[in-house]
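This is my_file_35.txt (compact mmCIF, C-alpha atoms).
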# COMPACT_ATOMS: atom_id res chain seq x y z
CA MET J 7 29.21 -5.47 3.60
CA ALA J 8 29.14 -2.14 5.41
CA GLN J 9 30.03 1.02 3.58
CA THR J 10 33.59 2.27 4.04
CA GLY J 11 35.23 5.64 3.67
CA ASN J 12 38.43 6.58 1.89
CA SER J 13 40.47 5.38 4.86
CA GLY J 14 38.94 1.90 4.63
CA ARG J 15 37.20 2.28 7.98
CA ARG J 16 33.60 1.17 8.26
CA ALA J 17 31.06 4.00 8.07
CA PRO J 18 29.29 4.61 11.39
CA LEU J 19 25.99 2.85 11.86
CA SER J 20 22.88 5.05 11.88
CA ARG J 21 19.14 4.51 12.11
CA GLU J 22 18.79 5.50 8.46
CA ARG J 23 21.36 2.91 7.34
CA VAL J 24 19.70 0.22 9.44
CA LEU J 25 16.24 0.92 8.02
CA HIS J 26 17.35 1.11 4.39
CA ALA J 27 19.35 -2.10 4.78
CA ALA J 28 16.27 -3.79 6.26
CA VAL J 29 14.15 -2.66 3.31
CA ALA J 30 16.76 -3.94 0.88
CA LEU J 31 16.89 -7.28 2.70
CA ALA J 32 13.10 -7.62 2.56
CA ASP J 33 13.18 -6.76 -1.15
CA GLU J 34 15.73 -9.51 -1.74
CA ALA J 35 14.26 -12.35 0.29
CA GLY J 36 10.85 -11.28 1.60
CA VAL J 37 9.92 -9.69 4.88
CA GLU J 38 9.25 -13.11 6.45
CA SER J 39 12.95 -13.90 6.26
CA LEU J 40 13.99 -10.66 7.94
CA SER J 41 15.67 -11.05 11.32
CA MET J 42 17.97 -8.93 13.42
CA ARG J 43 20.69 -11.56 12.94
CA LYS J 44 20.47 -11.45 9.12
CA LEU J 45 20.29 -7.66 9.17
CA SER J 46 23.42 -7.43 11.31
CA GLN J 47 25.20 -9.75 8.87
CA LYS J 48 24.16 -7.56 5.94
CA LEU J 49 25.54 -4.49 7.73
CA ASP J 50 28.64 -6.39 8.96
CA VAL J 51 28.02 -5.52 12.59
CA VAL J 52 27.25 -7.50 15.73
CA PRO J 53 23.49 -7.87 16.40
CA MET J 54 23.67 -5.81 19.59
CA ALA J 55 24.78 -2.78 17.54
CA LEU J 56 21.34 -2.65 15.90
CA TYR J 57 19.57 -2.15 19.22
CA LYS J 58 21.15 1.27 19.61
CA HIS J 59 18.97 2.38 16.69
CA VAL J 60 15.87 0.13 16.85
CA ALA J 61 14.67 -1.33 20.12
CA ASN J 62 13.14 -4.49 18.65
CA LYS J 63 11.72 -6.12 15.53
CA GLU J 64 8.44 -4.18 15.74
CA GLU J 65 10.26 -0.86 15.89
CA LEU J 66 12.32 -1.98 12.91
CA LEU J 67 9.14 -2.71 10.92
CA ASP J 68 7.72 0.69 11.91
CA GLY J 69 10.85 2.31 10.57
CA MET J 70 10.66 0.33 7.33
CA VAL J 71 7.13 1.68 6.83
CA GLU J 72 8.58 5.16 7.24
CA VAL J 73 11.08 4.45 4.46
CA ILE J 74 8.36 3.21 2.10
CA VAL J 75 5.99 6.11 2.79
CA SER J 76 8.81 8.61 2.31
CA GLU J 77 9.12 7.35 -1.29
CA ILE J 78 5.61 8.62 -2.13
CA ASP J 79 5.72 11.77 -4.23
CA THR J 80 3.73 14.37 -2.28
CA ARG J 81 4.47 17.28 -4.60
CA VAL J 82 1.31 18.83 -6.00
CA ARG J 83 1.59 18.40 -9.78
CA ASP J 84 -1.93 19.41 -10.76
CA GLU J 85 -4.14 22.30 -9.64
CA ASN J 86 -7.23 20.10 -9.95
CA TRP J 87 -7.72 18.40 -6.56
CA LYS J 88 -9.04 15.17 -8.07
CA GLU J 89 -6.09 14.68 -10.40
CA ALA J 90 -3.63 15.70 -7.68
CA VAL J 91 -5.09 13.06 -5.34
CA ARG J 92 -5.05 10.49 -8.12
CA LEU J 93 -1.37 11.12 -8.89
CA ARG J 94 -0.44 10.93 -5.22
CA ILE J 95 -2.20 7.62 -4.65
CA LEU J 96 -0.72 6.16 -7.83
CA SER J 97 2.70 7.20 -6.54
CA ALA J 98 1.92 5.27 -3.36
CA ARG J 99 1.04 2.26 -5.50
CA GLU J 100 4.37 2.52 -7.34
CA ALA J 101 6.11 2.34 -3.96
CA MET J 102 4.11 -0.76 -3.04
CA LEU J 103 4.99 -2.41 -6.35
CA ARG J 104 8.68 -1.72 -5.72
CA HIS J 105 8.39 -3.34 -2.29
CA ARG J 106 5.75 -6.05 -2.66
CA TRP J 107 6.03 -7.12 0.98
CA ALA J 108 5.18 -3.63 2.27
CA SER J 109 1.38 -3.91 2.16
CA GLN J 110 1.29 -6.68 4.76
CA VAL J 111 3.60 -4.68 7.04
CA VAL J 112 1.46 -1.53 6.69
CA GLU J 113 -1.63 -3.58 7.58
CA SER J 114 0.07 -5.04 10.65
CA ARG J 115 1.04 -1.73 12.26
CA THR J 116 -0.80 -0.76 15.47
CA HIS J 117 0.19 2.91 15.48
CA ALA J 118 1.10 5.51 12.88
CA PRO J 119 4.61 7.04 12.89
CA PRO J 120 4.91 10.77 12.07
CA VAL J 121 5.72 10.19 8.38
CA VAL J 122 2.45 8.26 7.99
CA LEU J 123 0.46 11.02 9.69
CA GLU J 124 2.18 13.61 7.51
CA TYR J 125 1.19 11.71 4.36
CA MET J 126 -2.42 11.39 5.49
CA ASP J 127 -2.48 15.07 6.41
CA SER J 128 -1.13 16.02 2.98
CA LEU J 129 -3.84 13.94 1.30
CA ILE J 130 -6.58 15.51 3.41
CA ARG J 131 -5.16 18.93 2.57
CA LEU J 132 -5.70 18.26 -1.14
CA PHE J 133 -9.37 17.47 -0.58
CA ARG J 134 -9.88 20.50 1.64
CA ALA J 135 -8.05 22.80 -0.78
CA GLY J 136 -10.37 21.51 -3.49
CA GLY J 137 -13.33 22.78 -1.49
CA LEU J 138 -14.55 19.51 0.03
CA SER J 139 -15.99 20.01 3.50
CA ALA J 140 -14.36 18.47 6.56
CA ASP J 141 -17.51 16.35 6.92
CA LEU J 142 -17.29 14.92 3.40
CA THR J 143 -13.52 14.48 3.62
CA HIS J 144 -13.98 12.44 6.80
CA HIS J 145 -16.07 9.91 4.88
CA VAL J 146 -13.81 10.14 1.82
CA MET J 147 -10.84 8.94 3.88
CA HIS J 148 -12.90 6.04 5.22
CA ALA J 149 -13.93 5.12 1.67
CA LEU J 150 -10.34 5.19 0.40
CA GLY J 151 -9.15 2.92 3.19
CA SER J 152 -5.98 1.04 2.27
CA ARG J 153 -6.22 2.38 -1.28
CA MET J 154 -4.61 5.63 -0.09
CA TRP J 155 -1.47 3.52 0.49
CA GLY J 156 -1.54 2.02 -3.00
CA PHE J 157 -3.11 -1.37 -2.34
CA THR J 158 -6.49 -2.94 -1.67
CA GLN J 159 -7.37 -5.64 0.82
CA GLU J 160 -8.60 -8.95 -0.56
CA VAL J 161 -11.31 -10.46 1.66
CA PHE J 162 -10.85 -13.93 0.16
CA PRO J 163 -7.59 -14.10 -1.82
CA THR J 164 -7.64 -16.43 -4.79
CA PRO J 165 -5.27 -19.41 -4.28
CA PRO J 166 -2.81 -20.12 -7.10
CA PRO J 167 -3.96 -22.84 -9.52
CA PRO J 168 -2.11 -26.19 -9.74
CA ALA J 169 1.00 -26.13 -11.91
CA ASP J 170 0.05 -29.33 -13.72
CA PRO J 171 -2.11 -28.49 -16.79
CA GLU J 172 -4.40 -31.51 -16.37
CA GLU J 173 -4.98 -30.82 -12.67
CA ARG J 174 -5.60 -27.16 -13.47
CA ALA J 175 -8.15 -28.03 -16.17
CA ALA J 176 -9.94 -30.48 -13.86
CA LEU J 177 -10.09 -27.92 -11.06
CA PHE J 178 -11.36 -25.26 -13.46
CA HIS J 179 -14.11 -27.58 -14.69
CA GLN J 180 -15.16 -28.46 -11.14
CA VAL J 181 -15.33 -24.83 -10.05
CA ALA J 182 -17.20 -23.87 -13.24
CA MET J 183 -19.84 -26.48 -12.48
CA GLN J 184 -20.29 -25.34 -8.88
CA TYR J 185 -19.80 -21.58 -9.22
CA PRO J 186 -20.53 -20.61 -12.83
CA TYR J 187 -20.89 -16.88 -12.20
CA ILE J 188 -17.53 -16.67 -10.45
CA ILE J 189 -15.89 -18.28 -13.46
CA ASP J 190 -17.92 -16.01 -15.76
CA ILE J 191 -16.37 -12.83 -14.38
CA ALA J 192 -12.98 -14.37 -13.56
CA THR J 193 -12.38 -15.17 -17.22
CA ALA J 194 -13.76 -11.86 -18.50
CA GLY J 195 -10.79 -9.68 -17.51
CA SER J 196 -7.06 -9.89 -18.03
CA HIS J 197 -4.60 -9.65 -15.15
CA GLU J 198 -0.99 -8.54 -15.36
CA GLN J 199 1.03 -10.27 -12.65
CA GLU J 200 3.80 -7.67 -12.72
CA THR J 201 1.37 -4.95 -11.57
CA ALA J 202 -0.15 -6.94 -8.71
CA VAL J 203 0.42 -6.06 -5.05
CA GLY J 204 0.03 -9.29 -3.12
CA THR J 205 -2.11 -12.06 -4.61
CA GLY J 206 -5.43 -12.17 -6.41
CA CYS J 207 -6.79 -9.84 -9.08
CA ASP J 208 -5.49 -6.52 -7.76
CA ASP J 209 -3.77 -5.43 -10.94
CA GLN J 210 -3.16 -1.88 -12.11
CA PHE J 211 -6.30 -1.64 -14.22
CA GLU J 212 -8.57 -2.75 -11.39
CA PHE J 213 -6.84 -0.44 -8.93
CA GLU J 214 -7.22 2.61 -11.16
CA PHE J 215 -10.78 1.61 -12.15
CA ALA J 216 -11.89 1.63 -8.50
CA LEU J 217 -9.89 4.75 -7.66
CA ASN J 218 -11.45 6.69 -10.54
CA LEU J 219 -14.93 5.56 -9.50
CA LEU J 220 -14.31 6.79 -5.98
CA LEU J 221 -12.87 10.13 -7.05
CA ASP J 222 -15.77 10.73 -9.46
CA GLY J 223 -18.19 9.92 -6.65
CA PHE J 224 -16.43 12.27 -4.23
CA GLU J 225 -16.57 15.04 -6.81
CA ARG J 226 -20.29 14.49 -7.41
CA LEU J 227 -21.09 14.60 -3.69
CA HIS J 228 -19.04 17.77 -3.33
CA GLN J 229 -20.94 19.42 -6.19
CA GLN J 230 -24.21 18.42 -4.50
CA ASN J 231 -23.10 19.97 -1.18
CA TRP J 232 -23.57 16.59 0.48
CA THR J 233 -23.49 16.35 4.29
CA SER J 234 -23.59 13.32 6.54
CA GLY J 235 -26.48 14.90 8.43
CA ALA J 236 -28.75 14.89 5.38
CA THR J 237 -30.45 11.55 6.14
CA PRO J 238 -30.42 9.00 8.99
CA ASP J 239 -28.78 6.47 6.65
CA ALA J 240 -26.05 8.95 5.77
CA ARG J 241 -25.41 9.74 9.43
CA ALA J 242 -24.93 6.05 10.07
CA MET J 243 -22.08 5.99 7.54
CA GLY J 244 -19.65 7.48 10.05
Starting from the file, give its structure as structure tokens.
Amino acid sequence: MAQTGNSGRRAPLSRERVLHAAVALADEAGVESLSMRKLSQKLDVVPMALYKHVANKEELLDGMVEVIVSEIDTRVRDENWKEAVRLRILSAREAMLRHRWASQVVESRTHAPPVVLEYMDSLIRLFRAGGLSADLTHHVMHALGSRMWGFTQEVFPTPPPPADPEERAALFHQVAMQYPYIIDIATAGSHEQETAVGTGCDDQFEFEFALNLLLDGFERLHQQNWTSGATPDARAMG
């Protein structure tokens, strides 16, 4: 139901209320179930009232991305650039874990709203303030990719195993016979489902493991005064 004031009258609809209600609806039932009709019901308004604030479903999704990105803590909490970047990206991951549908919406966007550009600019500023050259930072941002938003992209997501124990054991045995090295590494690590964004093995440990590797590598290149013009291979990286 819509919010009401002391007089019992419904609070006026605003873009902010629409977007936050849409995020809450996606949190409750998944972004796939989101529709303008269901959103209007949640806000207790007629569907046409929404179009005064968002022109269509795509603009609504853009706005929902704005809400998620605005939850990322961009305050600098460490003077060391590497730790400051690490904390910021982990804050982005916390936002993605709160809204597990958000990664697929971020990936689907075709243009970046101002809040997204502001976040990227703030991240670049940390690297530049740490002394990294614009050249190195260019490649750093490419290397981070979706990780700057708190999630990684699975090229081939792992399908969930059968619920039946016997079917699961038979499937495991079959895969182990055909692809022994996949099973070898798959059973070597533990995975906490509550820290996964999406499906597969993207748990908190793996996310931080890769992030730390990247940050250590960036720091090493910075200390070596690396430039993309150093070798033909390096130039091709851009």
- For region 82-89 of chain J, list every protein, DNA or RNA residue within 10 Å, evaluated using only C-alpha atoms, and leave out those in the same chain fewer than 4 positions away; present the list as a PyMOL selection string. chain J and resi 93-95+128-129+131-138+218+221-222+224-225
Could you please determine the separation between CA of Arg99 (chain J) and CA of Thr158 (chain J) in Å, to one decimal place?
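These two atoms are separated by 9.9 Å.
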Please put the answer as JSON: centre and edge lengths, in Å with one decimal, of a box along x, y and z that encloses all listed atoms of region 133-139 of chain J plus 3 Å on each side.
{"center_x": -12.0, "center_y": 20.1, "center_z": 0.0, "size_x": 13.9, "size_y": 11.3, "size_z": 13.0}
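As for CA of Pro120 (chain J) and CA of Val60 (chain J), they are spaced 16.0 Å apart.
Ranking J:Leu96, J:Leu123, J:Ala192, J:Ala176 by their shortest atom-to-atom distance to Gln210 (chain J), with all atoms listed in the file included, puts J:Leu96 first.
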Measuring atom to atom with all atoms listed in the file, identify which of J:Glu113, J:Asp141, J:Glu38, J:Asp209 is nearest to Thr233 (chain J).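 For Thr233 (chain J), the nearest of the given residues is J:Asp141.
Here CA of Glu212 (chain J) is placed at a distance of 10.7 Å from CA of Phe157 (chain J).
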- Query: Given the choices J:Ile189, J:Ala175, J:Leu25, J:Val146, which gets closest to Glu65 (chain J) if the distance is worked out from all atoms listed in the file?
  - Reply: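 Checking each candidate against Glu65 (chain J), we get J:Leu25 as the closest.
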